[in-house]
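The structure file start.txt is reproduced below (compact mmCIF, N, CA and C atoms).
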# COMPACT_ATOMS: atom_id res chain seq x y z
N MET A 1 -21.40 62.78 -44.87
CA MET A 1 -21.87 61.51 -44.36
C MET A 1 -21.39 61.27 -42.92
N LEU A 2 -20.12 61.58 -42.62
CA LEU A 2 -19.56 61.28 -41.31
C LEU A 2 -20.33 61.97 -40.19
N ASP A 3 -20.70 63.23 -40.39
CA ASP A 3 -21.44 63.95 -39.36
C ASP A 3 -22.80 63.31 -39.11
N ARG A 4 -23.49 62.91 -40.17
CA ARG A 4 -24.80 62.28 -40.00
C ARG A 4 -24.66 60.91 -39.34
N LEU A 5 -23.61 60.18 -39.70
CA LEU A 5 -23.37 58.88 -39.07
C LEU A 5 -23.10 59.06 -37.58
N LYS A 6 -22.28 60.03 -37.23
CA LYS A 6 -22.00 60.31 -35.81
C LYS A 6 -23.30 60.62 -35.07
N ASP A 7 -24.12 61.48 -35.64
CA ASP A 7 -25.40 61.82 -35.00
C ASP A 7 -26.25 60.58 -34.78
N GLN A 8 -26.29 59.71 -35.79
CA GLN A 8 -27.08 58.49 -35.70
C GLN A 8 -26.53 57.56 -34.63
N LEU A 9 -25.20 57.41 -34.58
CA LEU A 9 -24.59 56.54 -33.57
C LEU A 9 -24.82 57.08 -32.16
N ILE A 10 -24.80 58.38 -32.01
CA ILE A 10 -25.08 58.97 -30.69
C ILE A 10 -26.52 58.66 -30.28
N ILE A 11 -27.43 58.73 -31.22
CA ILE A 11 -28.83 58.41 -30.92
C ILE A 11 -28.95 56.94 -30.52
N HIS A 12 -28.30 56.05 -31.28
CA HIS A 12 -28.45 54.63 -31.04
C HIS A 12 -27.62 54.12 -29.85
N GLU A 13 -26.42 54.62 -29.70
CA GLU A 13 -25.53 54.15 -28.63
C GLU A 13 -25.68 54.96 -27.35
N GLY A 14 -26.04 56.23 -27.50
CA GLY A 14 -26.06 57.15 -26.36
C GLY A 14 -24.67 57.71 -26.12
N LEU A 15 -24.61 58.71 -25.28
CA LEU A 15 -23.35 59.34 -24.90
C LEU A 15 -23.24 59.26 -23.39
N ARG A 16 -22.29 58.47 -22.92
CA ARG A 16 -22.11 58.27 -21.48
C ARG A 16 -20.70 58.67 -21.13
N LEU A 17 -20.56 59.61 -20.21
CA LEU A 17 -19.25 60.13 -19.85
C LEU A 17 -18.58 59.36 -18.73
N PHE A 18 -19.28 58.42 -18.16
CA PHE A 18 -18.71 57.55 -17.13
C PHE A 18 -18.91 56.11 -17.56
N PRO A 19 -18.01 55.22 -17.17
CA PRO A 19 -18.15 53.81 -17.57
C PRO A 19 -19.49 53.23 -17.14
N TYR A 20 -20.01 52.36 -17.97
CA TYR A 20 -21.26 51.67 -17.67
C TYR A 20 -21.18 50.28 -18.29
N GLU A 21 -22.10 49.44 -17.90
CA GLU A 21 -22.17 48.09 -18.46
C GLU A 21 -23.19 48.09 -19.59
N CYS A 22 -22.74 47.73 -20.79
CA CYS A 22 -23.66 47.71 -21.94
C CYS A 22 -24.55 46.46 -21.87
N THR A 23 -25.42 46.32 -22.85
CA THR A 23 -26.35 45.19 -22.85
C THR A 23 -25.64 43.85 -22.98
N SER A 24 -24.39 43.85 -23.47
CA SER A 24 -23.61 42.62 -23.56
C SER A 24 -22.78 42.37 -22.31
N GLY A 25 -22.94 43.25 -21.31
CA GLY A 25 -22.22 43.07 -20.06
C GLY A 25 -20.78 43.56 -20.09
N LYS A 26 -20.43 44.36 -21.10
CA LYS A 26 -19.07 44.87 -21.24
C LYS A 26 -18.97 46.29 -20.68
N THR A 27 -17.84 46.60 -20.06
CA THR A 27 -17.60 47.96 -19.59
C THR A 27 -17.42 48.86 -20.80
N THR A 28 -18.23 49.89 -20.86
CA THR A 28 -18.32 50.76 -22.03
C THR A 28 -18.28 52.21 -21.58
N ILE A 29 -17.85 53.10 -22.48
CA ILE A 29 -17.81 54.53 -22.18
C ILE A 29 -17.99 55.31 -23.48
N GLY A 30 -18.33 56.57 -23.32
CA GLY A 30 -18.43 57.44 -24.50
C GLY A 30 -19.63 57.08 -25.34
N ILE A 31 -19.38 56.87 -26.59
CA ILE A 31 -20.44 56.51 -27.54
C ILE A 31 -20.19 55.07 -27.97
N GLY A 32 -20.50 54.15 -27.05
CA GLY A 32 -20.39 52.72 -27.34
C GLY A 32 -18.99 52.15 -27.38
N ARG A 33 -18.00 52.80 -26.76
CA ARG A 33 -16.63 52.25 -26.76
C ARG A 33 -16.53 51.12 -25.75
N ASN A 34 -16.33 49.93 -26.26
CA ASN A 34 -16.16 48.73 -25.44
C ASN A 34 -14.73 48.73 -24.90
N LEU A 35 -14.59 49.08 -23.63
CA LEU A 35 -13.26 49.17 -23.04
C LEU A 35 -12.62 47.80 -22.83
N GLU A 36 -13.41 46.80 -22.60
CA GLU A 36 -12.86 45.47 -22.32
C GLU A 36 -12.23 44.83 -23.55
N ASP A 37 -12.88 44.98 -24.70
CA ASP A 37 -12.39 44.32 -25.92
C ASP A 37 -11.54 45.25 -26.78
N ILE A 38 -11.82 46.54 -26.76
CA ILE A 38 -11.12 47.49 -27.63
C ILE A 38 -10.13 48.34 -26.85
N GLY A 39 -10.49 48.73 -25.64
CA GLY A 39 -9.62 49.61 -24.86
C GLY A 39 -9.53 50.99 -25.49
N ILE A 40 -8.37 51.63 -25.36
CA ILE A 40 -8.12 52.91 -26.01
C ILE A 40 -6.76 52.83 -26.70
N THR A 41 -6.56 53.72 -27.65
CA THR A 41 -5.28 53.75 -28.35
C THR A 41 -4.29 54.59 -27.54
N GLU A 42 -3.03 54.47 -27.89
CA GLU A 42 -2.01 55.30 -27.25
C GLU A 42 -2.30 56.78 -27.50
N GLU A 43 -2.72 57.09 -28.71
CA GLU A 43 -3.07 58.49 -29.03
C GLU A 43 -4.21 58.99 -28.14
N GLU A 44 -5.22 58.16 -27.94
CA GLU A 44 -6.34 58.54 -27.07
C GLU A 44 -5.87 58.71 -25.63
N ALA A 45 -4.96 57.86 -25.18
CA ALA A 45 -4.43 57.97 -23.82
C ALA A 45 -3.71 59.32 -23.65
N HIS A 46 -2.98 59.74 -24.66
CA HIS A 46 -2.27 61.02 -24.59
C HIS A 46 -3.24 62.20 -24.62
N ILE A 47 -4.32 62.07 -25.37
CA ILE A 47 -5.36 63.11 -25.38
C ILE A 47 -5.98 63.22 -24.00
N LEU A 48 -6.28 62.09 -23.38
CA LEU A 48 -6.83 62.09 -22.02
C LEU A 48 -5.85 62.72 -21.04
N LEU A 49 -4.58 62.39 -21.18
CA LEU A 49 -3.56 62.95 -20.29
C LEU A 49 -3.51 64.48 -20.41
N GLU A 50 -3.49 64.99 -21.62
CA GLU A 50 -3.46 66.44 -21.82
C GLU A 50 -4.70 67.10 -21.22
N THR A 51 -5.85 66.48 -21.40
CA THR A 51 -7.09 66.99 -20.84
C THR A 51 -7.03 67.00 -19.32
N ASP A 52 -6.50 65.94 -18.74
CA ASP A 52 -6.39 65.84 -17.28
C ASP A 52 -5.40 66.87 -16.73
N ILE A 53 -4.30 67.10 -17.42
CA ILE A 53 -3.34 68.12 -16.97
C ILE A 53 -3.99 69.49 -16.98
N LYS A 54 -4.73 69.80 -18.02
CA LYS A 54 -5.42 71.10 -18.09
C LYS A 54 -6.45 71.25 -16.97
N ARG A 55 -7.13 70.15 -16.64
CA ARG A 55 -8.10 70.18 -15.55
C ARG A 55 -7.40 70.48 -14.23
N VAL A 56 -6.28 69.82 -13.98
CA VAL A 56 -5.52 70.05 -12.75
C VAL A 56 -5.02 71.49 -12.70
N GLN A 57 -4.57 72.03 -13.82
CA GLN A 57 -4.11 73.42 -13.85
C GLN A 57 -5.24 74.37 -13.47
N ARG A 58 -6.43 74.14 -13.98
CA ARG A 58 -7.59 74.99 -13.62
C ARG A 58 -7.90 74.87 -12.13
N GLN A 59 -7.81 73.66 -11.60
CA GLN A 59 -8.07 73.45 -10.18
C GLN A 59 -7.04 74.19 -9.33
N LEU A 60 -5.78 74.11 -9.74
CA LEU A 60 -4.74 74.82 -9.00
C LEU A 60 -4.92 76.34 -9.10
N ASP A 61 -5.38 76.81 -10.24
CA ASP A 61 -5.64 78.25 -10.40
C ASP A 61 -6.66 78.73 -9.36
N LYS A 62 -7.64 77.90 -9.07
CA LYS A 62 -8.66 78.26 -8.08
C LYS A 62 -8.12 78.11 -6.66
N MET A 63 -7.40 77.02 -6.39
CA MET A 63 -6.94 76.73 -5.05
C MET A 63 -5.79 77.65 -4.62
N MET A 64 -4.86 77.88 -5.53
CA MET A 64 -3.66 78.64 -5.16
C MET A 64 -3.12 79.35 -6.40
N PRO A 65 -3.73 80.49 -6.77
CA PRO A 65 -3.31 81.18 -7.99
C PRO A 65 -1.81 81.47 -8.06
N SER A 66 -1.16 81.61 -6.93
CA SER A 66 0.27 81.93 -6.93
C SER A 66 1.14 80.80 -7.46
N TRP A 67 0.59 79.63 -7.66
CA TRP A 67 1.38 78.51 -8.18
C TRP A 67 1.98 78.84 -9.53
N ARG A 68 1.33 79.73 -10.27
CA ARG A 68 1.81 80.12 -11.61
C ARG A 68 3.11 80.94 -11.53
N MET A 69 3.44 81.45 -10.33
CA MET A 69 4.65 82.23 -10.16
C MET A 69 5.88 81.34 -9.95
N MET A 70 5.66 80.07 -9.69
CA MET A 70 6.77 79.14 -9.50
C MET A 70 7.44 78.87 -10.86
N ASN A 71 8.67 78.37 -10.80
CA ASN A 71 9.31 78.00 -12.06
C ASN A 71 8.68 76.72 -12.61
N GLU A 72 9.00 76.39 -13.85
CA GLU A 72 8.37 75.27 -14.54
C GLU A 72 8.51 73.92 -13.81
N PRO A 73 9.71 73.57 -13.35
CA PRO A 73 9.82 72.27 -12.66
C PRO A 73 8.94 72.19 -11.41
N ARG A 74 8.84 73.28 -10.66
CA ARG A 74 7.98 73.27 -9.46
C ARG A 74 6.51 73.21 -9.85
N GLN A 75 6.12 73.94 -10.88
CA GLN A 75 4.74 73.85 -11.36
C GLN A 75 4.42 72.42 -11.76
N ALA A 76 5.32 71.81 -12.50
CA ALA A 76 5.10 70.43 -12.96
C ALA A 76 5.00 69.47 -11.79
N ALA A 77 5.84 69.66 -10.77
CA ALA A 77 5.79 68.80 -9.60
C ALA A 77 4.45 68.92 -8.88
N LEU A 78 3.95 70.14 -8.77
CA LEU A 78 2.67 70.36 -8.12
C LEU A 78 1.54 69.74 -8.94
N ILE A 79 1.58 69.89 -10.25
CA ILE A 79 0.59 69.25 -11.12
C ILE A 79 0.65 67.73 -10.93
N ASN A 80 1.86 67.19 -10.91
CA ASN A 80 2.05 65.75 -10.73
C ASN A 80 1.40 65.29 -9.43
N PHE A 81 1.65 66.04 -8.35
CA PHE A 81 1.08 65.70 -7.05
C PHE A 81 -0.45 65.71 -7.09
N VAL A 82 -1.03 66.80 -7.59
CA VAL A 82 -2.50 66.91 -7.63
C VAL A 82 -3.10 65.89 -8.59
N PHE A 83 -2.42 65.63 -9.69
CA PHE A 83 -2.85 64.60 -10.62
C PHE A 83 -2.99 63.27 -9.90
N ASN A 84 -2.04 63.00 -9.01
CA ASN A 84 -2.00 61.73 -8.29
C ASN A 84 -3.06 61.65 -7.19
N VAL A 85 -3.19 62.70 -6.37
CA VAL A 85 -4.06 62.60 -5.19
C VAL A 85 -5.43 63.23 -5.38
N GLY A 86 -5.59 64.09 -6.37
CA GLY A 86 -6.85 64.81 -6.54
C GLY A 86 -6.83 66.12 -5.77
N ILE A 87 -7.60 67.08 -6.22
CA ILE A 87 -7.58 68.42 -5.63
C ILE A 87 -8.11 68.41 -4.20
N GLY A 88 -9.08 67.56 -3.91
CA GLY A 88 -9.63 67.50 -2.55
C GLY A 88 -8.59 67.09 -1.53
N THR A 89 -7.81 66.09 -1.86
CA THR A 89 -6.74 65.66 -0.96
C THR A 89 -5.63 66.70 -0.91
N ALA A 90 -5.30 67.29 -2.04
CA ALA A 90 -4.25 68.32 -2.08
C ALA A 90 -4.59 69.48 -1.14
N GLU A 91 -5.86 69.83 -1.07
CA GLU A 91 -6.29 70.93 -0.20
C GLU A 91 -6.05 70.61 1.28
N LYS A 92 -5.96 69.35 1.62
CA LYS A 92 -5.72 68.94 3.00
C LYS A 92 -4.26 69.09 3.41
N PHE A 93 -3.37 69.30 2.45
CA PHE A 93 -1.95 69.51 2.73
C PHE A 93 -1.72 70.99 3.02
N LYS A 94 -2.40 71.48 4.04
CA LYS A 94 -2.41 72.91 4.35
C LYS A 94 -1.02 73.47 4.62
N ASN A 95 -0.23 72.78 5.43
CA ASN A 95 1.12 73.28 5.75
C ASN A 95 2.00 73.33 4.51
N ALA A 96 1.94 72.29 3.70
CA ALA A 96 2.75 72.26 2.48
C ALA A 96 2.31 73.37 1.52
N MET A 97 1.00 73.55 1.38
CA MET A 97 0.50 74.58 0.46
C MET A 97 0.85 75.98 0.96
N GLU A 98 0.77 76.17 2.26
CA GLU A 98 1.14 77.48 2.81
C GLU A 98 2.63 77.75 2.59
N ALA A 99 3.44 76.73 2.78
CA ALA A 99 4.88 76.88 2.54
C ALA A 99 5.14 77.22 1.07
N LEU A 100 4.41 76.60 0.16
CA LEU A 100 4.57 76.92 -1.26
C LEU A 100 4.20 78.37 -1.54
N LYS A 101 3.12 78.82 -0.92
CA LYS A 101 2.70 80.22 -1.10
C LYS A 101 3.78 81.18 -0.64
N GLN A 102 4.53 80.77 0.38
CA GLN A 102 5.59 81.61 0.94
C GLN A 102 6.94 81.38 0.24
N SER A 103 6.95 80.55 -0.79
CA SER A 103 8.18 80.17 -1.51
C SER A 103 9.19 79.50 -0.58
N ASP A 104 8.68 78.84 0.45
CA ASP A 104 9.53 78.09 1.38
C ASP A 104 9.52 76.62 0.91
N TYR A 105 10.33 76.36 -0.09
CA TYR A 105 10.29 75.07 -0.76
C TYR A 105 10.88 73.94 0.07
N ASP A 106 11.83 74.24 0.94
CA ASP A 106 12.37 73.20 1.82
C ASP A 106 11.28 72.68 2.77
N THR A 107 10.55 73.61 3.37
CA THR A 107 9.47 73.21 4.28
C THR A 107 8.38 72.47 3.52
N ALA A 108 8.01 72.97 2.35
CA ALA A 108 6.98 72.31 1.55
C ALA A 108 7.39 70.86 1.25
N ALA A 109 8.63 70.69 0.83
CA ALA A 109 9.11 69.34 0.51
C ALA A 109 9.06 68.43 1.74
N ARG A 110 9.48 68.95 2.89
CA ARG A 110 9.42 68.15 4.13
C ARG A 110 7.98 67.77 4.46
N GLU A 111 7.07 68.72 4.31
CA GLU A 111 5.66 68.44 4.61
C GLU A 111 5.11 67.35 3.69
N PHE A 112 5.44 67.44 2.41
CA PHE A 112 4.98 66.41 1.48
C PHE A 112 5.57 65.05 1.83
N LEU A 113 6.85 65.02 2.16
CA LEU A 113 7.50 63.75 2.47
C LEU A 113 7.01 63.14 3.78
N ASP A 114 6.56 63.99 4.70
CA ASP A 114 6.06 63.52 5.99
C ASP A 114 4.56 63.27 5.89
N SER A 115 4.18 62.40 4.98
CA SER A 115 2.75 62.15 4.76
C SER A 115 2.52 60.69 4.39
N ARG A 116 1.29 60.28 4.53
CA ARG A 116 0.91 58.93 4.11
C ARG A 116 1.10 58.78 2.60
N TRP A 117 0.81 59.86 1.85
CA TRP A 117 0.99 59.85 0.40
C TRP A 117 2.42 59.43 0.04
N ALA A 118 3.42 60.04 0.70
CA ALA A 118 4.82 59.74 0.40
C ALA A 118 5.14 58.28 0.67
N LYS A 119 4.58 57.75 1.74
CA LYS A 119 4.81 56.34 2.06
C LYS A 119 4.17 55.42 1.01
N GLN A 120 3.01 55.84 0.49
CA GLN A 120 2.29 55.02 -0.48
C GLN A 120 2.96 55.00 -1.85
N VAL A 121 3.49 56.15 -2.28
CA VAL A 121 3.99 56.22 -3.66
C VAL A 121 5.52 56.16 -3.76
N GLY A 122 6.22 56.20 -2.63
CA GLY A 122 7.66 55.98 -2.61
C GLY A 122 8.47 56.89 -3.50
N LYS A 123 9.10 56.30 -4.54
CA LYS A 123 10.01 57.04 -5.41
C LYS A 123 9.34 58.24 -6.07
N ARG A 124 8.08 58.12 -6.39
CA ARG A 124 7.37 59.26 -6.99
C ARG A 124 7.40 60.45 -6.05
N ALA A 125 7.12 60.21 -4.78
CA ALA A 125 7.13 61.29 -3.79
C ALA A 125 8.53 61.88 -3.66
N GLU A 126 9.53 61.02 -3.66
CA GLU A 126 10.91 61.51 -3.56
C GLU A 126 11.25 62.43 -4.73
N GLN A 127 10.87 62.02 -5.93
CA GLN A 127 11.19 62.81 -7.12
C GLN A 127 10.40 64.11 -7.13
N VAL A 128 9.11 64.05 -6.84
CA VAL A 128 8.26 65.24 -6.86
C VAL A 128 8.73 66.24 -5.80
N THR A 129 9.01 65.76 -4.61
CA THR A 129 9.41 66.69 -3.55
C THR A 129 10.80 67.27 -3.78
N GLU A 130 11.68 66.50 -4.36
CA GLU A 130 13.01 67.04 -4.69
C GLU A 130 12.90 68.11 -5.77
N GLN A 131 12.00 67.92 -6.68
CA GLN A 131 11.75 68.91 -7.73
C GLN A 131 11.17 70.20 -7.12
N ILE A 132 10.30 70.05 -6.14
CA ILE A 132 9.77 71.21 -5.44
C ILE A 132 10.88 71.90 -4.65
N ARG A 133 11.67 71.11 -3.96
CA ARG A 133 12.72 71.68 -3.12
C ARG A 133 13.77 72.44 -3.93
N THR A 134 14.24 71.82 -5.02
CA THR A 134 15.35 72.39 -5.78
C THR A 134 14.92 73.32 -6.92
N GLY A 135 13.70 73.10 -7.42
CA GLY A 135 13.28 73.86 -8.59
C GLY A 135 13.93 73.38 -9.87
N GLU A 136 14.46 72.14 -9.83
CA GLU A 136 15.11 71.56 -11.00
C GLU A 136 14.43 70.24 -11.36
N TRP A 137 14.38 69.96 -12.66
CA TRP A 137 13.81 68.69 -13.13
C TRP A 137 14.61 67.54 -12.56
N GLN A 138 13.91 66.52 -12.12
CA GLN A 138 14.55 65.32 -11.58
C GLN A 138 14.48 64.19 -12.57
Could you rewrite the structure in this file as structure tokens?
Amino acid sequence: MLDRLKDQLIIHEGLRLFPYECTSGKTTIGIGRNLEDIGITEEEAHILLETDIKRVQRQLDKMMPSWRMMNEPRQAALINFVFNVGIGTAEKFKNAMEALKQSDYDTAAREFLDSRWAKQVGKRAEQVTEQIRTGEWQ
């Protein structure tokens, strides 16, 4: 029954992967999920987070395959950075990315800190760049 019900709801509600306004004027996504009144569960938020981390990892694999050679804290810091700014903006950090490719973590950290991003996010930038610089969890 559940599979047939799902098929029917998809036909009736539609499948929308980006938010839209339903006929009641509510922000909706997916298969009729009313974000304004229902939102998402904590479990769903964690599923989205895991999906987003995997997406960032794939993007980094394309942009700079050598990132996988870094230790775990540095990999996590780079994921954190790209998660925050998006891959398009990350690609603009040419000096920082080149320093990372060369395993010059001090220079990379300085380049990240000397940016508008660092000024905008404050403590996050300090923690992420220190993790890149030291290779240790902050």
Fill in: Picked from region 27-95 of chain A by DSSP as strand (DSSP E), as number ranges by chain
A: 27-30, 33-34
Discussion item. Give me, as an MDAnalysis selection string, all polymer residues having an atom no more than 8 Å from region 62-71 of chain A, counting all atoms listed in the file and skipping those fewer than 6 positions away in the same chain.
Written reply: chainID A and resid 56 77 91 100:101 135:136
Fill in: Two-atom distance - atom N of Gln120 (chain A), atom C of Gly88 (chain A) (Å)
16.3 Å
Worksheet item: Rounded to one decimal in Å, what is the spacing between atom N of Leu9 (chain A) and atom N of Ile29 (chain A)?
Response: 14.8 Å
Discussion item. What's around Ser115 (chain A) at 12 Å? Count only C-alpha atoms, leave out sequence neighbours fewer than 6 positions away in its own chain, and write the answer as number ranges by chain.
Written reply: A: 89-90, 92-96, 108-109, 121-122, 125-126, 129
